[in-house]
Amino acid sequence: MRKILTWLIAATITTAAQAVVKLPQFFSNNMVLQQQTECNLWGTTDKGKTVSITTSWDNKTYQAKAGSDGKFEVKVQTPIAGGPYTISFNDGDMLQLSNVMIGEVWICSGQSNMEMQMKGFKQQPVEGTTEELMRCKDAQLRLFTVKRHVSLTPEWDVTGEWNEAHSASVRDFSATAYYFGRALRSTLEVPVGLIVTSWGGSACEAWMKSEWLKAFPKVKQTITEEDVKKLQQRCPTALFNGQLKPIIGYTMRGAIWYQGEDNVPRYDYYAPLLKAMVEGWRSEWQQGDFPFYYCQIAPYDYSLIDWKDSQYLREQQMKAEGIISNSRMAVLMDAGLEYGIHPRKKRQAGERLALLALANTYDIKGMPEFARYKDVEFKNDTCIVSFDRSKEWVYFEHGTTSKNFEVAGSDKVFHAATKAWVSRNHVYLTCDEVKHPVAVRYAFKDWAEGDLMHDGLPVSSFRTDNW
């Protein structure tokens with residue numbers, strides 16, 4: 001009899017526990033929801049149960065019925081930016097989320113240069129951290145970091161928590177993402193929520209579904225549990241399943257991306273690969289062609305890790321901008337580190353991504369523009385290089401000339417330009433060793449300190465040939 005009673009008590013407790021609504025960890029206290037839209041919310045309860053969801057900003061109640069798997073979904077209408085608010089979930093037991101803000105939400109993803117925290121890595125600091133931590137407190141900037149996790153199959157939830165920005169939370173948060181969010185907060189003057197899902201050394205292929213990779217025969221197509229355990233963040237699909245799929249559907253404004261270093265040895269198909277990834281994300285999210293802004297990898301001496309030719313990966317990233325709709329690239333040619341793959345200048349990375357968002361998503365006037373190579377003309381011994389998106393004209397950062405240009409003739413042998421000068425929107429070059437030039441390259445090597453600028457921003461490395 002005692003055993004039966006014990007079983008009945010345990011069963012009653014279990015049933016009561018199951019009845020409580022369970023939400024993914026990114027739906028929690030301190031979160032930010034995207035303003036002026038229909039925001040997706042989802043969770044689980046007992047199968048067939050009806051959940052009432054009440055939003056304090058309008059006191060409206062929505063009904064959602066759990067399916068046979070216990071999962072429910074609902075869309076709630078959000079107002080103009082503001083807060084704090086509460087959201088209540090009631091299926092017979094009450095669950096309430098508090099300190100919820102309405103504002104702008106961005107997904108921040110990539111590898112180590114997105115993941116790199118404000119405190120830096122061991123013996124690899126982030127420039128300006130000490131000063132920033134003394135002034136970073138901001139109750140309307142909210143931060144969420146997805147804990148590292150790989151998986152062979154799609155997960156439902158992640159590990160992480162929302163925090164207001166203060167010295168402790170910012171110290172352990174992505175530096176690039178923080179500077180991006182801080183710039184949005186300063187200019188837009190609305191709450192900003194940042195969800196970082198990244199992993200150092202991760203491959204672009206790891207952030208993609210297997211179906212999207214079928215167009216790339218060089219990528220391993222059949223993935224096993226052993227592959228996931230062995231390759232971890234470099235395993236195709238492993239981070240899509242473990243760190244991205246669970247948050248897909250979280251209503252947001254757009255995404256920022258800082259990745260590419262791991263793909264340097266496979267640079268030749270990076271542009272179409274990134275295009276497939278972005279289009280796949282957009283298809284899954286079902287938010288149309290949401291903005292996608294990304295950093296071009298910064299210069300670094302890749303021979304230190306026995307790699308080379310990262311300039312071709314940078315070139316692929318430049319090409320990706322032309323084939324991915326509603327995307328733009330932030331150039332970091334002046335913000336690299338010759339002996340370190342993790343540049344210290346994360347403020348430049350984050351703020352330049354913010355420039356792209358402010359100008360192109362939020363239509364803020366007066367933002368600087370990244371100029372880009374347009375074409376070249378050869379007149380006798382002189383190369384005349386022109387640029388577009390350059391109303392303010394290009395210039396050299398450190399004087400009236402540059403040592404970053406090379407010129408080649410029909411023999412395809414490049415020599416340093418003897419003279420380089422700027423006139424209006426053109427760079428002029430001559431080379432004593434090349435009397436009849438046919439090609440020009442600018443900073444087209446692993447490591448270069450970019451000095452060709454426009455409106456305070458660097459111009460990407462480029463080449464006019466396809467050799």
# chains A, B, ... in the order shown; residues from 1 in each chain; ligands from 1
call {"tool": "residues_around", "arguments": {"residues": "Gly201 of chain A", "least_positions_apart": "3", "cutoff": "7 Å", "atoms": "only C-alpha atoms", "output": "VMD selection string"}}
result
chain A and resid 111 to 112 233 262
call {"tool": "closest_atom_pairs", "arguments": {"of": "segment 238-354 of chain A", "to": "segment 207-230 of chain A", "cutoff": "7 Å", "atoms": "only C-alpha atoms", "output": "tab-separated table"}}
result
residue	atom	partner	partner_atom	distance
A:Ala238	CA	A:Val228	CA	6.3
A:Leu239	CA	A:Trp207	CA	5.2
A:Phe240	CA	A:Trp207	CA	4.3
A:Ala276	CA	A:Trp212	CA	6.3
A:Met277	CA	A:Met208	CA	5.8
A:Gly280	CA	A:Trp212	CA	6.9
call {"tool": "write_last_selection", "arguments": {"atoms": "C-alpha atoms", "output": "PDB file, in the first residue's frame"}}
result
ATOM      1  CA  ALA A 238      27.320  20.784 -36.435  1.00  0.00           C
ATOM      2  CA  LEU A 239      26.892  24.406 -35.353  1.00  0.00           C
ATOM      3  CA  PHE A 240      23.771  24.976 -37.389  1.00  0.00           C
ATOM      4  CA  ALA A 276      24.103  29.668 -49.879  1.00  0.00           C
ATOM      5  CA  MET A 277      24.423  30.075 -46.112  1.00  0.00           C
ATOM      6  CA  GLY A 280      19.454  29.291 -46.208  1.00  0.00           C
TER       7      GLY A 280
END
call {"tool": "residues_around", "arguments": {"residues": "segment 83-95 of chain A", "least_positions_apart": "4", "cutoff": "6 Å", "atoms": "only C-alpha atoms", "output": "number ranges by chain"}}
result
A: 20, 51-56, 99-101
call {"tool": "write_last_selection", "arguments": {"atoms": "N, CA and C atoms", "output": "compact mmCIF listing (two decimals), in the first residue's frame"}}
result
# COMPACT_ATOMS: atom_id res chain seq x y z
N VAL A 20 3.64 22.95 -16.20
CA VAL A 20 4.23 24.28 -16.23
C VAL A 20 4.84 24.54 -17.60
N VAL A 51 -2.51 27.54 -23.80
CA VAL A 51 -1.70 28.48 -23.04
C VAL A 51 -2.19 29.89 -23.35
N SER A 52 -2.41 30.68 -22.31
CA SER A 52 -2.77 32.09 -22.46
C SER A 52 -1.53 32.95 -22.26
N ILE A 53 -1.27 33.80 -23.23
CA ILE A 53 -0.09 34.66 -23.18
C ILE A 53 -0.57 36.11 -23.12
N THR A 54 -0.18 36.82 -22.06
CA THR A 54 -0.61 38.20 -21.86
C THR A 54 0.59 39.13 -21.88
N THR A 55 0.52 40.18 -22.71
CA THR A 55 1.60 41.15 -22.84
C THR A 55 1.21 42.44 -22.14
N SER A 56 2.06 42.94 -21.25
CA SER A 56 1.69 44.08 -20.41
C SER A 56 1.64 45.40 -21.16
N ASN A 99 11.06 42.56 -16.86
CA ASN A 99 12.12 43.43 -17.36
C ASN A 99 12.37 43.20 -18.85
N VAL A 100 11.28 42.98 -19.59
CA VAL A 100 11.36 42.77 -21.04
C VAL A 100 11.35 44.12 -21.74
N MET A 101 12.29 44.33 -22.66
CA MET A 101 12.36 45.57 -23.42
C MET A 101 11.91 45.33 -24.86
call {"tool": "residues_around", "arguments": {"residues": "Val196 of chain A", "least_positions_apart": "3", "cutoff": "6 Å", "atoms": "only C-alpha atoms", "output": "list in words"}}
result
Cys108, Ser109 and Thr145 of chain A
call {"tool": "write_last_selection", "arguments": {"atoms": "all heavy atoms", "output": "PDB file, in the first residue's frame"}}
result
ATOM      1  N   CYS A 108      24.343  37.815 -33.936  1.00  0.00           N
ATOM      2  CA  CYS A 108      25.769  38.058 -34.173  1.00  0.00           C
ATOM      3  C   CYS A 108      26.481  36.711 -34.205  1.00  0.00           C
ATOM      4  O   CYS A 108      26.507  35.999 -33.199  1.00  0.00           O
ATOM      5  CB  CYS A 108      26.354  38.932 -33.069  1.00  0.00           C
ATOM      6  SG  CYS A 108      25.322  40.347 -32.590  1.00  0.00           S
ATOM      7  N   SER A 109      27.096  36.374 -35.340  1.00  0.00           N
ATOM      8  CA  SER A 109      27.648  35.030 -35.483  1.00  0.00           C
ATOM      9  C   SER A 109      29.007  35.058 -36.175  1.00  0.00           C
ATOM     10  O   SER A 109      29.423  36.064 -36.741  1.00  0.00           O
ATOM     11  CB  SER A 109      26.662  34.151 -36.266  1.00  0.00           C
ATOM     12  OG  SER A 109      27.063  32.801 -36.263  1.00  0.00           O
ATOM     13  N   THR A 145      24.645  35.359 -24.830  1.00  0.00           N
ATOM     14  CA  THR A 145      25.663  34.552 -25.502  1.00  0.00           C
ATOM     15  C   THR A 145      25.256  33.088 -25.480  1.00  0.00           C
ATOM     16  O   THR A 145      25.019  32.513 -24.399  1.00  0.00           O
ATOM     17  CB  THR A 145      27.035  34.705 -24.825  1.00  0.00           C
ATOM     18  OG1 THR A 145      27.438  36.078 -24.862  1.00  0.00           O
ATOM     19  CG2 THR A 145      28.088  33.862 -25.543  1.00  0.00           C
TER      20      THR A 145
END
call {"tool": "residues_around", "arguments": {"residues": "segment 129-136 of chain A", "least_positions_apart": "2", "cutoff": "8 Å", "atoms": "only C-alpha atoms", "output": "PDB file with N, CA and C atoms, in the first residue's frame"}}
result
ATOM      1  N   MET A 118      35.398  40.975 -24.647  1.00  0.00           N
ATOM      2  CA  MET A 118      36.021  42.257 -24.339  1.00  0.00           C
ATOM      3  C   MET A 118      37.294  42.072 -23.509  1.00  0.00           C
ATOM      4  N   LYS A 119      37.337  41.031 -22.685  1.00  0.00           N
ATOM      5  CA  LYS A 119      38.530  40.787 -21.881  1.00  0.00           C
ATOM      6  C   LYS A 119      39.666  40.193 -22.714  1.00  0.00           C
ATOM      7  N   PRO A 125      44.955  40.919 -25.863  1.00  0.00           N
ATOM      8  CA  PRO A 125      43.966  41.880 -25.368  1.00  0.00           C
ATOM      9  C   PRO A 125      43.151  42.511 -26.489  1.00  0.00           C
ATOM     10  N   VAL A 126      42.037  43.092 -26.091  1.00  0.00           N
ATOM     11  CA  VAL A 126      41.233  43.933 -26.976  1.00  0.00           C
ATOM     12  C   VAL A 126      41.566  45.386 -26.632  1.00  0.00           C
ATOM     13  N   GLU A 127      41.861  46.145 -27.646  1.00  0.00           N
ATOM     14  CA  GLU A 127      42.241  47.539 -27.448  1.00  0.00           C
ATOM     15  C   GLU A 127      41.097  48.342 -26.814  1.00  0.00           C
ATOM     16  N   ASP A 138      24.669  50.097 -19.135  1.00  0.00           N
ATOM     17  CA  ASP A 138      23.534  50.563 -19.937  1.00  0.00           C
ATOM     18  C   ASP A 138      22.399  49.559 -19.793  1.00  0.00           C
ATOM     19  N   ALA A 165      23.783  45.368 -19.865  1.00  0.00           N
ATOM     20  CA  ALA A 165      25.196  45.696 -20.042  1.00  0.00           C
ATOM     21  C   ALA A 165      25.740  46.368 -18.784  1.00  0.00           C
ATOM     22  N   HIS A 166      26.760  45.753 -18.197  1.00  0.00           N
ATOM     23  CA  HIS A 166      27.519  46.346 -17.097  1.00  0.00           C
ATOM     24  C   HIS A 166      28.917  45.742 -17.174  1.00  0.00           C
ATOM     25  N   SER A 167      29.815  46.190 -16.345  1.00  0.00           N
ATOM     26  CA  SER A 167      31.210  45.805 -16.509  1.00  0.00           C
ATOM     27  C   SER A 167      31.427  44.294 -16.517  1.00  0.00           C
ATOM     28  N   VAL A 170      29.659  42.764 -19.841  1.00  0.00           N
ATOM     29  CA  VAL A 170      30.357  43.206 -21.052  1.00  0.00           C
ATOM     30  C   VAL A 170      31.741  42.566 -21.144  1.00  0.00           C
ATOM     31  N   ARG A 171      32.415  42.437 -20.030  1.00  0.00           N
ATOM     32  CA  ARG A 171      33.754  41.835 -20.013  1.00  0.00           C
ATOM     33  C   ARG A 171      33.759  40.451 -20.669  1.00  0.00           C
TER      34      ARG A 171
END
